[in-house]
Amino acid sequence: MAEAPQRGEQSFRGIPVSAGVCRGRILVIDGSRPSIGKRTLSDEQLQEEINRLERALVQTRHQILEVQRRVSEGMGAAEGSIFDAHLLVLEDRTLLDEVIRMIQTQKVNAEYAFHSVAERYATTLAAIEDDYLRERATDMRDVTTRVLNNLLGLEEELNLRHLKEPCIIISHDLTPSNTAQLDKRNVLGFGTDVGSKTSHTAIMARSLRIPAIVGLKDASAKLESGQYVLLDGFNGVIIINPTDQTLFEYGQLIKKQVSLEEKLRDIQLKPAVTLDGQRVFLSANIESPKDSEAVKLAGAEGVGLFRTEYLFINRDLPPSEEQQYEAYREAAQALKPLPVVIRTLDLGGDKFLAHLPLPREMNPFLGWRAIRFCLQEEDIFRAQLRAILRASAEGNVKMMYPMISGLDELTQANALVERYKAELRSEKIAFDEQMEIGAMIETPSAVIVADSLAKRLKFFSIGTNDLIKYSLAVDRMNEKIAHLYEPTHPAIVRLLKATIDAAHHHKIWVSVCGEMASDPVFAPLLLGLGVDELSAAPPLVAPVKFLIRRLKIAEARELAEFALSCESAGEILARCQELARQVAPSLFETK
Ligand code: PEP
Ligand code: MG
């Protein structure tokens, strides 16, 4: 939506998806696809055409695996796993069979057939009112472009890795493949016409910490390369030809950002302790041993959640005991004497593995996942438990089970641990006999029987992401009901309190490792309720610590008391925001 004047300041508004402000010249990228001609083939040419398609598919698969490897190493395994969806497109037999049938029956060239079939699938997905399915359409188009480029012998159409000077990228859409190529040194920020907050591209922008705006409607058609703009990723505005007054105002904001970054760096090695002396244990969530460096840089005191799923993703076979042992040992040694809490495999729900196709389920989040899967797939569980036990000899390793929904699961899992400990003893393989075992508390039933669980464990780690989802029966990926996903719902506050009370009654510690722990707004509420540890995403450890160091535990307890007596999620949220802004205003300056 451009506002009228041709010259002077003009602005475009979109959805802010990655915070920060930048200014510079823009580069408008035309992401249009190669043009596809239709050729008619003779019967003799058909088999070679199918072979040509197969070769292009293999080449595409290699390219995607390579991008995935680069992204996993550069940004983290979770971001790399975004490309699993792309690999699945290449393995979609229904789609491929349809393309081959079209080549055979209509006697047309492979690029024409592939483009026609894939575009029909993508258009259908894009038309559905569901962010998740729309994202699948973007994946489908991203893969289609790669396949077509390979069939046509073209280079990747965008090469964002070799930009000569720093610029702000504007495009109709940026696929995850394009975003993966962005080099932070030369890309100051980006804006796209389409996209949503939960799109893969938005997630990647946040990991790269590049300011970004999506949903700018027709900006890419109206803007021209070389124009000077200011991109405000806090408020979702692009200002073209900013006036001196605007530059001055934003100059102030940029100065504040720089000064906040400095303050955050200053506390890196300082403890998370409140003004009135309450020590909080602040750790980080990781997905790969390679993230250990980020944990130290973030100033975290260890790992509160090592999501091991990502060791299983991005590969053709499940990792062996030996490969897992190496990964766990690497993290434990890198962070020693700091603790590393390794979570056993939390597969299923939205985490799928290419090599382990799970049966289709009506309700995957209520289905065969996490500990339920592991208790039935004993070979997989055995390899993992033995690997974790062995790594415990090399550092401060703790272990926890995901998705425990009742005592039986815990008893069965603990019995298996005892069995594998006995195996290791008889094989004379070292492990830490005292390794602490805990459980994630992320189902309402686990909260209700927390007392029984606490007796048999050394710690709880509350998975608020799932606990909120299951307790409020809300899938936050569904935009129609996303407003019901309320971390401050009175039911959630009371479930947190019940969990903490049960743990402390049995003298075990409680951590929170869901996203609530990464949000400085919620830190006072969690601490006031009695949580002992917060485990945050590495980039958010510093802001959470900054807030804790300005907070009094007495204020946090007062907030928690209010929340426990309050009947409205909105009122509790407002009080959380008020306290956080009052104690650490500089964390919230976006204007
Ligand atoms: C959670 O559910 O809060 C959690 C930390 O687990 P995950 O996000 O990996 O499901
Ligand atoms: Mg979970």
# chains A, B, ... in the order shown; residues from 1 in each chain; ligands from 1

call {"tool": "residues_near_ligand", "arguments": {"ligand": "ligand 2", "cutoff": "9 Å", "atoms": "only C-alpha atoms and all ligand atoms", "output": "list in words"}}
result
Asp346, Ala370, Pro402, Met403, Met440, Ile441, Glu442, Ile462, Gly463, Thr464, Asn465, Asp466, Leu467, Cys513 and Gly514 of chain A

call {"tool": "write_last_selection", "arguments": {"atoms": "C-alpha atoms", "output": "mmCIF file, in the first residue's frame"}}
result
data_model
loop_
_atom_site.group_PDB
_atom_site.id
_atom_site.type_symbol
_atom_site.label_atom_id
_atom_site.label_comp_id
_atom_site.auth_asym_id
_atom_site.auth_seq_id
_atom_site.Cartn_x
_atom_site.Cartn_y
_atom_site.Cartn_z
ATOM 1 C CA ASP A 346 10.654 -36.554 20.977
ATOM 2 C CA ALA A 370 7.852 -39.192 21.982
ATOM 3 C CA PRO A 402 9.422 -36.089 26.865
ATOM 4 C CA MET A 403 5.597 -36.278 26.950
ATOM 5 C CA MET A 440 9.152 -33.058 30.921
ATOM 6 C CA ILE A 441 5.851 -31.937 32.337
ATOM 7 C CA GLU A 442 3.854 -31.099 29.231
ATOM 8 C CA ILE A 462 8.001 -27.868 32.178
ATOM 9 C CA GLY A 463 7.386 -27.879 28.422
ATOM 10 C CA THR A 464 5.025 -24.942 28.270
ATOM 11 C CA ASN A 465 4.684 -25.159 24.476
ATOM 12 C CA ASP A 466 2.941 -28.501 24.698
ATOM 13 C CA LEU A 467 1.406 -27.959 28.136
ATOM 14 C CA CYS A 513 12.221 -24.988 28.876
ATOM 15 C CA GLY A 514 9.251 -24.034 26.659
#

call {"tool": "residues_near_ligand", "arguments": {"ligand": "ligand 1", "cutoff": "12 Å", "atoms": "only C-alpha atoms and all ligand atoms", "output": "PyMOL selection string"}}
result
chain A and resi 78+284-287+304-310+342-351+365+369-370+400-404+439-443+460-471+487+511-518+534-537

call {"tool": "residues_around", "arguments": {"residues": "Leu282 in chain A", "least_positions_apart": "2", "cutoff": "9 Å", "atoms": "only C-alpha atoms", "output": "PyMOL selection string"}}
result
chain A and resi 271-272+280+284+299-304+532-536+541+544-545

call {"tool": "write_last_selection", "arguments": {"atoms": "C-alpha atoms", "output": "PDB file, in the first residue's frame"}}
result
ATOM      1  CA  PRO A 271      25.121 -14.399  37.189  1.00  0.00           C
ATOM      2  CA  ALA A 272      21.341 -14.231  36.874  1.00  0.00           C
ATOM      3  CA  VAL A 280      18.217 -18.075  39.201  1.00  0.00           C
ATOM      4  CA  ALA A 284      19.937 -22.600  27.036  1.00  0.00           C
ATOM      5  CA  GLY A 299      26.315 -16.482  28.941  1.00  0.00           C
ATOM      6  CA  ALA A 300      24.114 -19.484  29.808  1.00  0.00           C
ATOM      7  CA  GLU A 301      24.999 -21.807  32.664  1.00  0.00           C
ATOM      8  CA  GLY A 302      24.564 -25.014  30.738  1.00  0.00           C
ATOM      9  CA  VAL A 303      21.937 -26.686  28.600  1.00  0.00           C
ATOM     10  CA  GLY A 304      18.436 -27.092  29.995  1.00  0.00           C
ATOM     11  CA  ASP A 532      14.303 -22.689  39.863  1.00  0.00           C
ATOM     12  CA  GLU A 533      15.650 -22.642  36.320  1.00  0.00           C
ATOM     13  CA  LEU A 534      14.747 -21.053  32.993  1.00  0.00           C
ATOM     14  CA  SER A 535      16.100 -22.562  29.802  1.00  0.00           C
ATOM     15  CA  ALA A 536      15.876 -20.172  26.850  1.00  0.00           C
ATOM     16  CA  VAL A 541      19.392 -15.750  27.361  1.00  0.00           C
ATOM     17  CA  VAL A 544      16.108 -12.663  30.172  1.00  0.00           C
ATOM     18  CA  LYS A 545      19.207 -12.304  32.365  1.00  0.00           C
TER      19      LYS A 545
END

call {"tool": "atom_distance", "arguments": {"atom1": "CA of Leu65 in chain A", "atom2": "CA of Ala387 in chain A"}}
result
26.2 Å

call {"tool": "residues_around", "arguments": {"residues": "range 167-179 of chain A", "least_positions_apart": "5", "cutoff": "7 Å", "atoms": "only C-alpha atoms", "output": "ChimeraX atom specification"}}
result
/A:24-31,138,142,186-194,200-201,220

call {"tool": "select_by_dssp", "arguments": {"residues": "range 109-197 of chain A", "states": "strand (DSSP E or B)", "output": "list of chain:residue names"}}
result
A:Cys167, A:Ile168, A:Ile169, A:Ile170, A:Ser171, A:Val187, A:Leu188, A:Gly189, A:Phe190, A:Gly191, A:Thr192

call {"tool": "closest_residue", "arguments": {"among": "A:Met75, A:Cys576, A:Trp509, A:Ile50", "to": "Leu526 in chain A", "atoms": "only C-alpha atoms"}}
result
A:Cys576

call {"tool": "residues_around", "arguments": {"residues": "Leu95 in chain A", "least_positions_apart": "5", "cutoff": "12 Å", "atoms": "only C-alpha atoms", "output": "JSON, numbers by chain"}}
result
{"A": [88, 89, 90, 100, 101, 102, 113, 114, 115, 116, 117, 118, 119, 120, 121, 122, 140, 144]}

call {"tool": "atom_distance", "arguments": {"atom1": "CA of Asp475 in chain A", "atom2": "CA of Met362 in chain A"}}
result
14.3 Å

call {"tool": "select_by_dssp", "arguments": {"residues": "range 216-281 of chain A", "states": "alpha helix (DSSP H)", "output": "ChimeraX atom specification"}}
result
/A:219-222,244-266

call {"tool": "closest_residue", "arguments": {"among": "A:Lys455, A:Lys197, A:Lys263, A:Arg146", "to": "Leu587 in chain A", "atoms": "only C-alpha atoms"}}
result
A:Lys263

call {"tool": "closest_residue", "arguments": {"among": "A:Phe234, A:Phe373, A:Phe281, A:Phe522", "to": "Ala574 in chain A", "atoms": "only C-alpha atoms"}}
result
A:Phe522

call {"tool": "residues_around", "arguments": {"residues": "range 430-436 of chain A", "least_positions_apart": "5", "cutoff": "10 Å", "atoms": "only C-alpha atoms", "output": "number ranges by chain"}}
result
A: 341, 386-400, 421, 424-425, 457-459

call {"tool": "atom_distance", "arguments": {"atom1": "CA of Glu578 in chain A", "atom2": "CA of Leu269 in chain A"}}
result
27.7 Å

call {"tool": "closest_residue", "arguments": {"among": "A:Ala110, A:Ala19, A:Leu496, A:Ile437", "to": "Phe588 in chain A", "atoms": "only C-alpha atoms"}}
result
A:Ala19

call {"tool": "residues_around", "arguments": {"residues": "Lys256 in chain A", "least_positions_apart": "5", "cutoff": "10 Å", "atoms": "only C-alpha atoms", "output": "PyMOL selection string"}}
result
chain A and resi 250-251+261-262+586-587+589-591

call {"tool": "closest_residue", "arguments": {"among": "A:Gln412, A:Glu165, A:Glu9, A:Ala542", "to": "Ala298 in chain A", "atoms": "only C-alpha atoms"}}
result
A:Ala542

call {"tool": "closest_residue", "arguments": {"among": "A:Leu529, A:Val108, A:Leu579, A:Leu311", "to": "Ala77 in chain A", "atoms": "only C-alpha atoms"}}
result
A:Leu311
